[in-house]
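Engineer: To be precise about what I am sending: the file is called query-v9.cif and holds mmCIF, C-alpha atoms.
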```cif
data_protein
loop_
_atom_site.label_atom_id
_atom_site.label_comp_id
_atom_site.auth_asym_id
_atom_site.auth_seq_id
_atom_site.Cartn_x
_atom_site.Cartn_y
_atom_site.Cartn_z
CA MET A 1 121.69 100.64 79.11
CA PRO A 2 118.21 101.91 80.02
CA THR A 3 117.69 105.48 81.16
CA ILE A 4 116.29 105.54 84.69
CA ALA A 5 114.83 108.70 86.19
CA ILE A 6 113.79 109.04 89.83
CA THR A 7 111.47 111.94 90.63
CA PRO A 8 109.32 113.00 93.58
CA ILE A 9 105.71 112.03 93.08
CA THR A 10 103.23 114.72 92.03
CA ARG A 11 99.61 115.06 93.14
CA ALA A 12 98.46 113.92 89.72
CA GLU A 13 100.40 110.65 90.15
CA ALA A 14 98.56 109.51 93.31
CA PRO A 15 96.33 107.14 91.26
CA ILE A 16 99.43 105.65 89.60
CA LEU A 17 101.00 105.17 93.01
CA LEU A 18 97.87 103.38 94.23
CA GLU A 19 98.05 101.08 91.21
CA LEU A 20 101.68 100.25 92.05
CA ILE A 21 100.77 99.63 95.69
CA HIS A 22 98.16 97.12 94.56
CA GLU A 23 100.77 95.41 92.38
CA LEU A 24 103.14 95.16 95.37
CA ALA A 25 100.34 93.80 97.58
CA THR A 26 99.54 91.15 94.96
CA TYR A 27 103.21 90.17 94.76
CA GLU A 28 103.41 89.94 98.57
CA LYS A 29 100.07 88.07 98.77
CA LEU A 30 98.64 90.87 100.93
CA GLN A 31 95.91 92.27 98.67
CA GLN A 32 93.38 92.12 101.54
CA GLU A 33 95.51 94.59 103.53
CA VAL A 34 95.23 97.47 101.03
CA VAL A 35 92.63 100.00 102.11
CA ALA A 36 94.44 103.07 100.75
CA THR A 37 92.65 105.24 98.21
CA GLY A 38 93.89 107.88 95.82
CA ASP A 39 92.50 110.50 98.20
CA SER A 40 94.13 109.02 101.30
CA LEU A 41 97.48 108.84 99.51
CA GLU A 42 97.15 112.38 98.22
CA ASN A 43 96.34 113.61 101.73
CA ALA A 44 99.24 111.65 103.31
CA LEU A 45 101.72 112.94 100.74
CA PHE A 46 100.44 116.47 100.02
CA GLY A 47 97.89 117.35 102.71
CA PRO A 48 98.34 120.00 105.40
CA ARG A 49 99.87 117.37 107.69
CA SER A 50 101.73 115.29 105.13
CA VAL A 51 103.42 112.33 106.78
CA ALA A 52 105.34 110.67 103.97
CA GLY A 53 107.20 111.20 100.74
CA ALA A 54 107.23 109.12 97.58
CA LEU A 55 109.49 108.74 94.58
CA ILE A 56 108.61 107.32 91.18
CA ALA A 57 111.09 105.44 88.99
CA ARG A 58 110.79 105.63 85.23
CA CYS A 59 112.74 103.40 82.90
CA ASP A 60 112.98 104.83 79.39
CA GLY A 61 109.96 106.98 80.27
CA LYS A 62 107.76 104.11 81.50
CA ILE A 63 106.62 103.82 85.14
CA ALA A 64 108.93 101.18 86.62
CA GLY A 65 108.43 101.42 90.38
CA TYR A 66 108.25 103.52 93.50
CA ALA A 67 109.53 104.10 97.00
CA ILE A 68 107.57 105.53 99.94
CA TYR A 69 109.41 106.84 103.00
CA PHE A 70 108.74 108.74 106.22
CA PHE A 71 110.78 110.07 109.12
CA THR A 72 111.30 108.46 112.51
CA PHE A 73 113.16 109.43 115.67
CA SER A 74 115.66 107.52 117.80
CA SER A 75 115.97 108.50 121.44
CA PHE A 76 119.28 106.63 121.62
CA VAL A 77 120.94 108.78 118.98
CA GLY A 78 118.79 111.87 119.50
CA ARG A 79 118.20 112.34 115.78
CA GLU A 80 115.81 111.65 112.98
CA GLY A 81 115.88 108.51 110.93
CA ILE A 82 114.27 107.63 107.65
CA TRP A 83 112.03 104.60 107.19
CA LEU A 84 111.51 102.96 103.81
CA GLU A 85 107.88 101.88 103.86
CA ASP A 86 107.77 100.40 100.36
CA LEU A 87 110.21 99.69 97.58
CA TYR A 88 108.71 98.13 94.48
CA VAL A 89 109.96 97.65 90.96
CA ARG A 90 107.67 96.09 88.38
CA PRO A 91 108.92 92.65 87.26
CA ALA A 92 109.53 93.80 83.67
CA PHE A 93 111.97 96.46 84.95
CA ARG A 94 113.93 94.46 87.51
CA LYS A 95 117.69 93.94 87.19
CA ARG A 96 118.08 97.29 85.42
CA GLY A 97 119.14 99.42 88.40
CA ALA A 98 115.81 101.06 89.27
CA GLY A 99 115.66 99.48 92.74
CA ARG A 100 119.18 100.60 93.59
CA GLN A 101 118.49 104.10 92.32
CA LEU A 102 115.29 104.33 94.37
CA ILE A 103 117.18 103.22 97.50
CA GLU A 104 119.93 105.74 96.77
CA ALA A 105 117.37 108.52 96.24
CA VAL A 106 115.67 107.76 99.58
CA ALA A 107 119.10 107.60 101.24
CA LYS A 108 119.90 111.04 99.80
CA VAL A 109 116.68 112.42 101.33
CA GLY A 110 117.89 111.01 104.67
CA VAL A 111 121.38 112.46 104.26
CA ASP A 112 119.92 115.87 103.36
CA ARG A 113 117.87 115.74 106.61
CA ASN A 114 120.87 114.56 108.66
CA CYS A 115 119.20 111.24 109.49
CA GLU A 116 121.24 108.79 111.55
CA ARG A 117 119.44 105.63 110.44
CA PHE A 118 117.88 104.23 107.28
CA GLU A 119 115.60 101.33 108.15
CA TRP A 120 112.99 99.07 106.59
CA THR A 121 111.54 95.59 106.79
CA ALA A 122 111.41 92.78 104.25
CA LEU A 123 109.30 89.68 104.18
CA ASP A 124 111.31 86.67 105.35
CA TRP A 125 110.33 84.62 102.28
CA ASN A 126 111.28 87.29 99.73
CA GLU A 127 114.73 85.96 98.79
CA LEU A 128 115.00 88.33 95.84
CA ALA A 129 114.61 91.37 98.11
CA LEU A 130 116.75 89.91 100.91
CA ASN A 131 119.60 89.18 98.48
CA PHE A 132 119.29 92.68 97.00
CA TYR A 133 119.48 94.30 100.46
CA ASP A 134 122.37 92.05 101.45
CA LYS A 135 124.33 93.18 98.37
CA LEU A 136 123.73 96.78 99.43
CA GLY A 137 125.38 96.01 102.78
CA ALA A 138 122.20 96.28 104.87
CA GLN A 139 122.28 94.71 108.33
CA LYS A 140 119.68 92.15 109.33
CA LEU A 141 118.42 92.88 112.87
CA ASP A 142 117.46 89.44 114.13
CA LYS A 143 116.94 90.46 117.76
CA TRP A 144 114.18 92.97 117.06
CA VAL A 145 110.54 91.93 116.70
CA LEU A 146 108.14 94.07 114.71
CA MET A 147 105.00 94.85 116.70
CA ARG A 148 101.73 96.22 115.31
CA MET A 149 98.31 97.37 116.49
CA LYS A 150 95.61 98.28 114.01
CA ALA A 151 93.33 101.27 114.55
CA LYS A 152 90.61 99.19 116.24
CA GLU A 153 93.03 97.77 118.83
CA LEU A 154 94.62 101.18 119.29
CA LEU A 155 91.23 102.72 120.05
CA GLU A 156 90.33 99.90 122.45
CA SER A 157 93.63 100.21 124.32
CA GLY A 158 93.11 103.97 124.55
CA ARG A 159 89.68 103.46 126.08
CA ALA A 160 91.04 100.89 128.52
CA ALA A 161 93.69 103.33 129.72
CA LYS A 162 91.06 105.91 130.79
#
```
Could you rewrite the structure in this file as structure tokens?
Structural biologist:
Amino acid sequence: MPTIAITPITRAEAPILLELIHELATYEKLQQEVVATGDSLENALFGPRSVAGALIARCDGKIAGYAIYFFTFSSFVGREGIWLEDLYVRPAFRKRGAGRQLIEAVAKVGVDRNCERFEWTALDWNELALNFYDKLGAQKLDKWVLMRMKAKELLESGRAAK
């Protein structure tokens, strides 16, 4: 049985995290979406207004994957929630428990912060991920639609509101 260790990311690991993000983007066929840099990740995770946390998984000492999370708020429950932004395990390390341990580590962060919800999205074609989440007991929210505006649209809508 492999030894899996989950640890919070360090500043020095920001370039490794960026490499893993690029691997995930390639897997998801979304390489063109990645504009993050080592500096932007370091600022988001360790800057004066850090907005996210990240965990690194090692399998027998080798970098196996990562999870990035941040906190949300639900007006309906009046409490924080935790959002899993990314969960990625390198193909060579899959089926060894690293994904489950990353999920459990993020869940523990949420429990420690008294979060009411643990939420994330998955691509509808990613059967491997969907089956994994189903086995964990995650609920699929079919009635909710994810909405997004990029910075350009956000700026334009802000100008229009003036």
Engineer: Tell me which protein, DNA and RNA residues are within 9 Å of A:Ala5, counting all atoms listed in the file, leaving out same-chain ones fewer than 2 positions away, and put them as a list of chain:residue names.
Structural biologist: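 Residues near the query, excluding close chain neighbours: A:Thr3, A:Thr7, A:Ile56, A:Ala57, A:Arg58, A:Cys59, A:Asp60, A:Gly61, A:Ala98, A:Gln101.
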Engineer: Given the PyMOL selection byres ((chain A and resi 123) around 12) and the file above, list the residues it selects as a list in words.
Structural biologist: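 Applying the PyMOL selection byres ((chain A and resi 123) around 12) to the structure shown produces Ala25, Tyr27, Glu28, Lys29, Leu30, Asp86, Trp120, Thr121, Ala122, Asp124, Trp125, Asn126, Glu127, Leu128, Ala129, Leu130, Asn131, Tyr133, Lys140 and Leu146 of chain A.
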Engineer: Emit as AutoDock Vina command-line options the padded axis-aligned box for all listed atoms of stretch 9-28 of chain A, 3 Å per side, with centre and edge lengths in Å to one decimal.
Structural biologist:
```
--center_x 101.0 --center_y 102.5 --center_z 94.1 --size_x 15.4 --size_y 31.1 --size_z 15.0
```
Engineer: Pick out the residues sitting within 9 Å of A:Glu116, and hand them over as a ChimeraX atom specification; count all atoms listed in the file, and ignore anything fewer than 2 positions along from it in its own chain.
Structural biologist: /A:74,77-82,110-111,114,118
Engineer: What does the distance from atom CA of A:Asn43 to atom CA of A:Leu17 come to in Å, to one decimal?
Structural biologist: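 Computed distance, atom CA of A:Asn43 to atom CA of A:Leu17, equals 13.0 Å.
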Engineer: For each of A:Lys108, A:Arg100, A:Arg148, A:His22, take the minimum atom-to-atom distance to A:Ala36, counting all atoms listed in the file, then give the residue where this is smallest.
Structural biologist: A:His22
Engineer: Applying the PyMOL selection byres ((chain A and resi 93) around 10) to the file I just gave you, which residues come out? Please list them as a PDB file with C-alpha atoms, in the frame of the given file.
Structural biologist:
```
ATOM      1  CA  PRO A   2     118.210 101.910  80.020  1.00  0.00           C
ATOM      2  CA  ALA A  57     111.090 105.440  88.990  1.00  0.00           C
ATOM      3  CA  ARG A  58     110.790 105.630  85.230  1.00  0.00           C
ATOM      4  CA  CYS A  59     112.740 103.400  82.900  1.00  0.00           C
ATOM      5  CA  LYS A  62     107.760 104.110  81.500  1.00  0.00           C
ATOM      6  CA  ILE A  63     106.620 103.820  85.140  1.00  0.00           C
ATOM      7  CA  ALA A  64     108.930 101.180  86.620  1.00  0.00           C
ATOM      8  CA  GLY A  65     108.430 101.420  90.380  1.00  0.00           C
ATOM      9  CA  VAL A  89     109.960  97.650  90.960  1.00  0.00           C
ATOM     10  CA  ARG A  90     107.670  96.090  88.380  1.00  0.00           C
ATOM     11  CA  PRO A  91     108.920  92.650  87.260  1.00  0.00           C
ATOM     12  CA  ALA A  92     109.530  93.800  83.670  1.00  0.00           C
ATOM     13  CA  ARG A  94     113.930  94.460  87.510  1.00  0.00           C
ATOM     14  CA  LYS A  95     117.690  93.940  87.190  1.00  0.00           C
ATOM     15  CA  ARG A  96     118.080  97.290  85.420  1.00  0.00           C
ATOM     16  CA  GLY A  97     119.140  99.420  88.400  1.00  0.00           C
ATOM     17  CA  ALA A  98     115.810 101.060  89.270  1.00  0.00           C
ATOM     18  CA  GLY A  99     115.660  99.480  92.740  1.00  0.00           C
TER      19      GLY A  99
END
```
Engineer: Under the rule that only C-alpha atoms are counted, which of A:Ile103, A:Ile6, A:Ala52, A:Leu20 is the nearest residue to A:Leu136?
Structural biologist: A:Ile103
Engineer: Convert the output of the PyMOL selection byres ((chain A and resi 48-51) around 12) on the shown file into explicit residues, formatted as a list in words.
Structural biologist: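 For this structure, the PyMOL selection byres ((chain A and resi 48-51) around 12) resolves to Ser40, Leu41, Glu42, Asn43, Ala44, Leu45, Phe46, Gly47, Ala52, Gly53, Ala54, Ile68, Tyr69, Phe70, Phe71, Thr72, Ile82, Trp83 and Glu85 of chain A.
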Engineer: Considering all atoms listed in the file, state which residue in the set A:Ser75, A:Thr37, A:Tyr88, A:Ala67 is at the smallest distance from A:Glu104.
Structural biologist: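 For A:Glu104, the nearest of the candidates is A:Ala67.
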Engineer: What separation in Å, quoted to one decimal, exists between atom CA of A:Asp134 and atom CA of A:Arg113?
Structural biologist: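 We find that atom CA of A:Asp134 and atom CA of A:Arg113 lie 24.7 Å from each other.
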Engineer: Rounded to one decimal place, report the atom CA of A:Trp144-atom CA of A:Arg159 distance in Å.
Structural biologist: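 So the answer is 28.1 Å.
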